[in-house]
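Structure first, then comments.
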Amino acid sequence: KLPDLERLLARVHSFSVDQASNAATHYTDVSKARLLEFLKALAGLAALDAAVEAVQPHVPGLSGSSPRLGGLLSREADAGFPPVDATLAPFREAFDWEAARKAGRVVPKERANDEYDAARRRLLEVDAGLQQELSRWRRELRDSSIELWTPSVANGQTTEPFQLAVAEKTLQKQGTPEEFAQQMSSKKGTKRFWTAELRELAGEHLEAKAAEEAALAAAAKPSALAPASLS
């Protein structure tokens with residue numbers, strides 16, 4: 001069943017114009033409902049294109065019985081229903097439609113957006129450094145239960161992530177390293193620390209995460225999603 005493409009395209013166009021006129025619009029202002037409408041329009045156009053292509057073997061026979069319908073279904077240049085697959089291809093290459101529908105956000109495919117790729121690589125590099133620091137202290141204190149702990153906050157934007165959570169019994173047995181001079185928090189039986197390395201890596205992670213979110217915001221704008229020929 002095809003969606004109401006005329007209505008969907010009108011709404012997508014209207015939102016695109018509104019957003020283009022507002023330089024302060026961020027990704028978080030793009031509602032999931034609007035993204036779903038955009039995805040429905042893309043999928044609807046793809047389904048309609050496939051349906052028209054499927055009836056092409058029957059179009060020549062319509063020239064006598066129903067010439068108007070035959071003309072509407074024709075693939076000839078400047079007549080009928082032109083193929084749209086080439087127009088939709090850049091959207092398919094830019095991001096996964098189904099993944100976007102489930103996540104409620106557009107995440108560019110690898111190599112589809114240089115800014116996002118660079119931000120993502122940087123974030124992965126920092127996270128690898130965090131895991132190396134965790135592995136180091138697990139080895140030195142001989143405790144594989146040591147973990148990196150991040151406080152839960154309402155808006156999810158903590159400024160003190162990746163605290164090294166160490167059991168008090170481990171500290172009693174192995175001693176408290178000099179690097180653990182800054183205790184960040186605690187709970188019964190566990191103390192949490194930042195070393196100088198962890199403090200630096202936590203800051204780099206927050207910066208890298210902000211860069212990734214900014215890249216996602218830019219990638220979700222209509223001007224970034226639309227092929228050059230449609231911009």
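A note on labels: chains of the structure tokens are A, B, ... as shown, every chain counts residues from 1, and ligands are counted from 1 in their shown order.
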Margin query: So that I can see what lies close to A:Ala181, please list as a PyMOL selection string the residues with an atom at most 12 Å from it, counting only C-alpha atoms and leaving out residues fewer than 3 positions away in the same chain.
Written below: chain A and resi 176-178+184+191-196+199
Go ahead and dump the residues you just picked, N, CA and C atoms, as an mmCIF file, in the first residue's frame.
```
data_model
loop_
_atom_site.group_PDB
_atom_site.id
_atom_site.type_symbol
_atom_site.label_atom_id
_atom_site.label_comp_id
_atom_site.auth_asym_id
_atom_site.auth_seq_id
_atom_site.Cartn_x
_atom_site.Cartn_y
_atom_site.Cartn_z
ATOM 1 N N THR A 176 46.772 1.830 48.298
ATOM 2 C CA THR A 176 46.181 2.842 47.424
ATOM 3 C C THR A 176 47.288 3.538 46.645
ATOM 4 N N PRO A 177 47.315 3.391 45.338
ATOM 5 C CA PRO A 177 48.362 4.020 44.510
ATOM 6 C C PRO A 177 48.378 5.545 44.668
ATOM 7 N N GLU A 178 49.549 6.129 44.522
ATOM 8 C CA GLU A 178 49.672 7.581 44.606
ATOM 9 C C GLU A 178 48.819 8.276 43.542
ATOM 10 N N MET A 184 36.715 10.695 43.632
ATOM 11 C CA MET A 184 35.576 11.401 43.058
ATOM 12 C C MET A 184 34.267 11.103 43.759
ATOM 13 N N LYS A 191 35.403 2.591 46.283
ATOM 14 C CA LYS A 191 35.829 3.976 46.125
ATOM 15 C C LYS A 191 36.092 4.227 44.637
ATOM 16 N N ARG A 192 35.838 5.467 44.223
ATOM 17 C CA ARG A 192 35.988 5.809 42.815
ATOM 18 C C ARG A 192 36.974 6.967 42.663
ATOM 19 N N PHE A 193 37.887 6.800 41.694
ATOM 20 C CA PHE A 193 38.974 7.757 41.544
ATOM 21 C C PHE A 193 39.109 8.221 40.099
ATOM 22 N N TRP A 194 39.751 9.384 39.982
ATOM 23 C CA TRP A 194 40.283 9.842 38.715
ATOM 24 C C TRP A 194 41.794 9.932 38.856
ATOM 25 N N THR A 195 42.507 9.305 37.959
ATOM 26 C CA THR A 195 43.937 9.557 37.855
ATOM 27 C C THR A 195 44.105 10.741 36.889
ATOM 28 N N ALA A 196 45.324 11.253 36.808
ATOM 29 C CA ALA A 196 45.560 12.352 35.876
ATOM 30 C C ALA A 196 45.241 11.919 34.451
ATOM 31 N N ARG A 199 41.428 11.723 34.004
ATOM 32 C CA ARG A 199 40.841 13.058 33.918
ATOM 33 C C ARG A 199 41.007 13.624 32.504
#
```
Margin query: Residues of chain A classed as helix (DSSP H, G or I) by DSSP on the backbone are to be reported as a ChimeraX atom specification.
Written below: /A:5-20,27-29,32-54,56-58,62-65,67-73,85-94,97-103,114-141,168-174,178-180,196-220,222-225,228-230
Next item on the list: Have a look at A:Ala220, A:Val12, A:Ala103, A:Ala215 and name the one nearest to A:Glu115; count only C-alpha atoms.
Entry: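 Closest candidate: A:Ala215.
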Item checked: For A:Lys1: contacts at 10 Å, only C-alpha atoms, fewer than 6 positions along chain excluded, given as a list in words -> Gly44, Ala47 and Leu48 of chain A
Checklist line | Shortest interatomic distance to A:Arg105 - which of A:Thr190, A:Phe15, A:Arg34, A:Gly80, counting only C-alpha atoms | finding: A:Arg34
With 12 Å as the cut-off and only C-alpha atoms counted, what is the closest atom pair between each nearby residue of stretch 82-129 of chain A and stretch 147-171 of chain A? Distances in Å to one decimal, ordered by chain and number, as JSON lines.
```
{"residue": "A:Val126", "atom": "CA", "partner": "A:Phe162", "partner_atom": "CA", "distance": 11.7}
{"residue": "A:Asp127", "atom": "CA", "partner": "A:Phe162", "partner_atom": "CA", "distance": 10.1}
{"residue": "A:Gly129", "atom": "CA", "partner": "A:Phe162", "partner_atom": "CA", "distance": 11.5}
```
Margin query: I'd like the contact shell of A:Ala79 - 12 Å cut-off, only C-alpha atoms, skipping same-chain residues fewer than 4 positions apart - returned as a VMD selection string.
Written below: chain A and resid 68 to 75 83
Could you turn the residues from that selection into a file that holds N, CA, C and O atoms, as a PDB file, in the first residue's frame?
```
ATOM      1  N   ARG A  68      -4.093   7.137 -22.514  1.00  0.00           N
ATOM      2  CA  ARG A  68      -3.728   8.087 -21.454  1.00  0.00           C
ATOM      3  C   ARG A  68      -3.002   7.376 -20.318  1.00  0.00           C
ATOM      4  O   ARG A  68      -1.986   7.867 -19.818  1.00  0.00           O
ATOM      5  N   LEU A  69      -3.539   6.200 -19.911  1.00  0.00           N
ATOM      6  CA  LEU A  69      -2.880   5.434 -18.855  1.00  0.00           C
ATOM      7  C   LEU A  69      -1.509   4.965 -19.322  1.00  0.00           C
ATOM      8  O   LEU A  69      -0.535   5.003 -18.561  1.00  0.00           O
ATOM      9  N   GLY A  70      -1.433   4.539 -20.567  1.00  0.00           N
ATOM     10  CA  GLY A  70      -0.153   4.102 -21.103  1.00  0.00           C
ATOM     11  C   GLY A  70       0.866   5.224 -21.091  1.00  0.00           C
ATOM     12  O   GLY A  70       2.053   5.003 -20.798  1.00  0.00           O
ATOM     13  N   GLY A  71       0.399   6.447 -21.400  1.00  0.00           N
ATOM     14  CA  GLY A  71       1.308   7.591 -21.378  1.00  0.00           C
ATOM     15  C   GLY A  71       1.797   7.908 -19.984  1.00  0.00           C
ATOM     16  O   GLY A  71       2.959   8.254 -19.772  1.00  0.00           O
ATOM     17  N   LEU A  72       0.891   7.786 -19.010  1.00  0.00           N
ATOM     18  CA  LEU A  72       1.264   8.068 -17.627  1.00  0.00           C
ATOM     19  C   LEU A  72       2.289   7.067 -17.093  1.00  0.00           C
ATOM     20  O   LEU A  72       3.121   7.414 -16.252  1.00  0.00           O
ATOM     21  N   LEU A  73       2.204   5.828 -17.575  1.00  0.00           N
ATOM     22  CA  LEU A  73       3.116   4.781 -17.090  1.00  0.00           C
ATOM     23  C   LEU A  73       4.385   4.669 -17.934  1.00  0.00           C
ATOM     24  O   LEU A  73       5.267   3.881 -17.607  1.00  0.00           O
ATOM     25  N   SER A  74       4.464   5.463 -18.977  1.00  0.00           N
ATOM     26  CA  SER A  74       5.624   5.390 -19.868  1.00  0.00           C
ATOM     27  C   SER A  74       6.902   5.824 -19.158  1.00  0.00           C
ATOM     28  O   SER A  74       6.892   6.702 -18.289  1.00  0.00           O
ATOM     29  N   ARG A  75       8.027   5.191 -19.543  1.00  0.00           N
ATOM     30  CA  ARG A  75       9.333   5.569 -19.013  1.00  0.00           C
ATOM     31  C   ARG A  75      10.096   6.463 -19.996  1.00  0.00           C
ATOM     32  O   ARG A  75      11.254   6.801 -19.753  1.00  0.00           O
ATOM     33  N   PRO A  83      12.053   7.297 -14.188  1.00  0.00           N
ATOM     34  CA  PRO A  83      12.677   6.522 -13.115  1.00  0.00           C
ATOM     35  C   PRO A  83      13.219   7.456 -12.031  1.00  0.00           C
ATOM     36  O   PRO A  83      13.782   8.509 -12.342  1.00  0.00           O
TER      37      PRO A  83
END
```
